[in-house]
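Comments concern the structure below.
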Amino acid sequence: MAEQKQKKPVRRPLRVGLIAAAVTAALMVTVSAANPEALEGLLATIRTSTSLGDYREEIVMDDTGETVTALCLPETEVEEKDGRIILTVDGEETDITDAMEQEGSYLWTREDEGAKVSVQVTLDEEGKPVAVTNVALPDGTGADAGMVMVTETGEEE
């Protein structure tokens, strides 16, 4: 059984907004160099933005009424501490050493009204834990869209 240590809950509305701002800034630099009018048009067409759960945001475009879905990856870290393998997802630490020894892998999952999130921890060819994070819509769409992040082990010194 995996042992969990609960840290204070992490709320991400600010982080989601900051990510959206960073993506927008990157788009502004790219698009403004090629076509500044297109950037102005894009920013002017966002009508509303609504968070659905911790990992999903719906953006409604003003000109077409079309909805764009943005998925957010959780903050994930896997590390070895004092001979134990610790998985941290959004600040919540879980000791997965026993599961890794018995099964050779560990699967962390979370689902809310906005998205399905999974973190699969396996061992690489050197025996170091590697986490693969995946985010998809609750109905499973988007699971093969490439919204995946790989996290390698951080060792404590």
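Chain labels follow the order of the structure tokens: the first chain is A, the next B, and so on; residue numbering restarts at 1 in every chain, and ligands are counted from 1 in their shown order.
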*Find the spatial neighbours of Val130 of chain A, counting only C-alpha atoms, within a cut-off of 12 Å - ignore same-chain residues fewer than 3 positions away - and output them as a list in words.*
Thr76, Glu77, Val78, Glu79, Glu80, Ile85, Ile86, Leu87, Met100, Gly104, Ser105, Tyr106, Leu107, Val119, Gln120, Val121, Thr122, Leu123, Asp124, Glu125, Glu126, Gly127, Thr133, Met149, Val150, Thr151, Glu152, Thr153 and Gly154 of chain A
*Members of segment 66-151 of chain A assigned strand (DSSP E) by DSSP, as an NGL selection string*: :A and (67-71 or 76-81 or 84-89 or 92-95 or 105-111 or 116-123 or 129-136 or 148-151)
Got time to write the residues from that selection, N, CA and C atoms, as a CSV table (one decimal), in the first residue's frame?
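And here is the file that came out, selection-v6.csv:
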```
chain,number,residue,atom,x,y,z
A,67,THR,N,-15.7,27.1,-28.8
A,67,THR,CA,-15.0,26.8,-27.6
A,67,THR,C,-13.7,26.1,-27.8
A,68,VAL,N,-12.7,26.6,-27.2
A,68,VAL,CA,-11.3,26.0,-27.2
A,68,VAL,C,-11.0,25.4,-25.9
A,69,THR,N,-10.6,24.2,-25.8
A,69,THR,CA,-10.3,23.5,-24.5
A,69,THR,C,-8.7,23.6,-24.3
A,70,ALA,N,-8.4,24.0,-23.1
A,70,ALA,CA,-6.9,24.1,-22.7
A,70,ALA,C,-6.8,23.1,-21.5
A,71,LEU,N,-5.8,22.2,-21.6
A,71,LEU,CA,-5.5,21.2,-20.6
A,71,LEU,C,-4.2,21.6,-19.9
A,76,THR,N,4.8,17.6,-11.3
A,76,THR,CA,5.1,16.2,-11.0
A,76,THR,C,6.6,16.1,-10.8
A,77,GLU,N,7.0,15.3,-9.7
A,77,GLU,CA,8.4,15.1,-9.4
A,77,GLU,C,8.5,13.7,-8.9
A,78,VAL,N,9.5,12.9,-9.3
A,78,VAL,CA,9.8,11.6,-8.7
A,78,VAL,C,11.2,11.6,-8.3
A,79,GLU,N,11.5,11.2,-7.0
A,79,GLU,CA,12.8,11.3,-6.5
A,79,GLU,C,13.1,10.2,-5.6
A,80,GLU,N,14.4,9.9,-5.4
A,80,GLU,CA,14.8,8.9,-4.4
A,80,GLU,C,15.3,9.6,-3.2
A,81,LYS,N,14.8,9.3,-2.0
A,81,LYS,CA,15.2,9.9,-0.7
A,81,LYS,C,15.4,8.8,0.3
A,84,ARG,N,14.2,5.5,-0.5
A,84,ARG,CA,12.7,5.4,-0.8
A,84,ARG,C,12.4,6.1,-2.1
A,85,ILE,N,11.4,5.7,-2.9
A,85,ILE,CA,11.0,6.4,-4.1
A,85,ILE,C,9.8,7.2,-3.7
A,86,ILE,N,9.9,8.5,-3.9
A,86,ILE,CA,8.8,9.5,-3.6
A,86,ILE,C,8.2,10.1,-4.8
A,87,LEU,N,6.9,10.0,-5.0
A,87,LEU,CA,6.2,10.7,-6.1
A,87,LEU,C,5.5,11.9,-5.5
A,88,THR,N,5.7,13.1,-6.1
A,88,THR,CA,5.0,14.3,-5.7
A,88,THR,C,4.2,14.8,-6.8
A,89,VAL,N,2.9,14.9,-6.6
A,89,VAL,CA,2.0,15.4,-7.7
A,89,VAL,C,1.3,16.6,-7.0
A,92,GLU,N,1.5,16.9,-3.3
A,92,GLU,CA,1.1,15.7,-2.5
A,92,GLU,C,2.1,14.6,-2.6
A,93,GLU,N,2.8,14.3,-1.5
A,93,GLU,CA,3.9,13.3,-1.6
A,93,GLU,C,3.3,11.9,-1.3
A,94,THR,N,3.7,10.9,-2.1
A,94,THR,CA,3.4,9.5,-1.9
A,94,THR,C,4.6,8.6,-2.0
A,95,ASP,N,4.8,7.8,-1.0
A,95,ASP,CA,5.9,6.9,-1.0
A,95,ASP,C,5.5,5.7,-1.8
A,105,SER,N,6.0,-1.0,-11.2
A,105,SER,CA,5.5,0.3,-11.7
A,105,SER,C,4.4,0.8,-10.7
A,106,TYR,N,4.0,2.1,-10.8
A,106,TYR,CA,3.0,2.7,-10.0
A,106,TYR,C,2.2,3.6,-10.8
A,107,LEU,N,0.9,3.6,-10.6
A,107,LEU,CA,-0.1,4.5,-11.4
A,107,LEU,C,-0.8,5.3,-10.4
A,108,TRP,N,-0.7,6.7,-10.6
A,108,TRP,CA,-1.4,7.7,-9.8
A,108,TRP,C,-2.5,8.2,-10.7
A,109,THR,N,-3.7,8.3,-10.3
A,109,THR,CA,-4.8,8.8,-11.2
A,109,THR,C,-5.6,9.8,-10.4
A,110,ARG,N,-6.2,10.8,-11.1
A,110,ARG,CA,-7.1,11.7,-10.5
A,110,ARG,C,-8.1,12.1,-11.6
A,111,GLU,N,-9.3,12.2,-11.3
A,111,GLU,CA,-10.4,12.6,-12.3
A,111,GLU,C,-11.3,13.6,-11.6
A,116,LYS,N,-9.1,13.9,-16.9
A,116,LYS,CA,-8.5,12.7,-16.3
A,116,LYS,C,-7.0,12.9,-16.4
A,117,VAL,N,-6.4,12.7,-15.2
A,117,VAL,CA,-4.9,12.8,-15.2
A,117,VAL,C,-4.3,11.5,-14.6
A,118,SER,N,-3.2,11.1,-15.3
A,118,SER,CA,-2.5,9.9,-14.8
A,118,SER,C,-1.0,10.2,-14.8
A,119,VAL,N,-0.4,9.6,-13.8
A,119,VAL,CA,1.1,9.6,-13.7
A,119,VAL,C,1.5,8.2,-13.6
A,120,GLN,N,2.2,7.7,-14.6
A,120,GLN,CA,2.7,6.3,-14.5
A,120,GLN,C,4.2,6.3,-14.2
A,121,VAL,N,4.7,5.7,-13.2
A,121,VAL,CA,6.1,5.6,-12.8
A,121,VAL,C,6.6,4.2,-13.1
A,122,THR,N,7.7,4.2,-13.9
A,122,THR,CA,8.3,2.9,-14.2
A,122,THR,C,9.8,3.1,-14.0
A,123,LEU,N,10.6,2.1,-14.2
A,123,LEU,CA,12.1,2.2,-14.0
A,123,LEU,C,12.7,2.2,-15.4
A,129,PRO,N,13.7,5.6,-11.4
A,129,PRO,CA,12.3,5.9,-11.7
A,129,PRO,C,12.1,7.0,-12.7
A,130,VAL,N,11.1,6.8,-13.6
A,130,VAL,CA,10.7,7.9,-14.5
A,130,VAL,C,9.2,8.0,-14.5
A,131,ALA,N,8.7,9.2,-14.4
A,131,ALA,CA,7.2,9.4,-14.4
A,131,ALA,C,6.8,10.0,-15.8
A,132,VAL,N,5.7,9.4,-16.3
A,132,VAL,CA,5.1,9.9,-17.5
A,132,VAL,C,3.7,10.4,-17.1
A,133,THR,N,3.4,11.7,-17.3
A,133,THR,CA,2.1,12.3,-17.0
A,133,THR,C,1.3,12.5,-18.2
A,134,ASN,N,0.0,12.2,-18.1
A,134,ASN,CA,-0.9,12.3,-19.3
A,134,ASN,C,-2.2,13.0,-18.8
A,135,VAL,N,-2.7,13.9,-19.6
A,135,VAL,CA,-4.0,14.6,-19.3
A,135,VAL,C,-4.9,14.4,-20.5
A,136,ALA,N,-6.2,14.0,-20.2
A,136,ALA,CA,-7.2,13.9,-21.3
A,136,ALA,C,-8.5,14.4,-20.7
A,148,VAL,N,1.6,14.9,-23.0
A,148,VAL,CA,2.4,14.1,-22.1
A,148,VAL,C,3.6,14.7,-21.6
A,149,MET,N,4.0,14.5,-20.4
A,149,MET,CA,5.3,15.0,-19.9
A,149,MET,C,6.0,13.9,-19.2
A,150,VAL,N,7.3,13.8,-19.4
A,150,VAL,CA,8.2,12.8,-18.8
A,150,VAL,C,9.1,13.5,-17.8
A,151,THR,N,9.1,12.9,-16.5
A,151,THR,CA,9.9,13.5,-15.4
A,151,THR,C,10.9,12.4,-15.0
```
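Interatomic distance, atom CA of Pro74 of chain A against atom CA of Asp98 of chain A: 23.5 Å.
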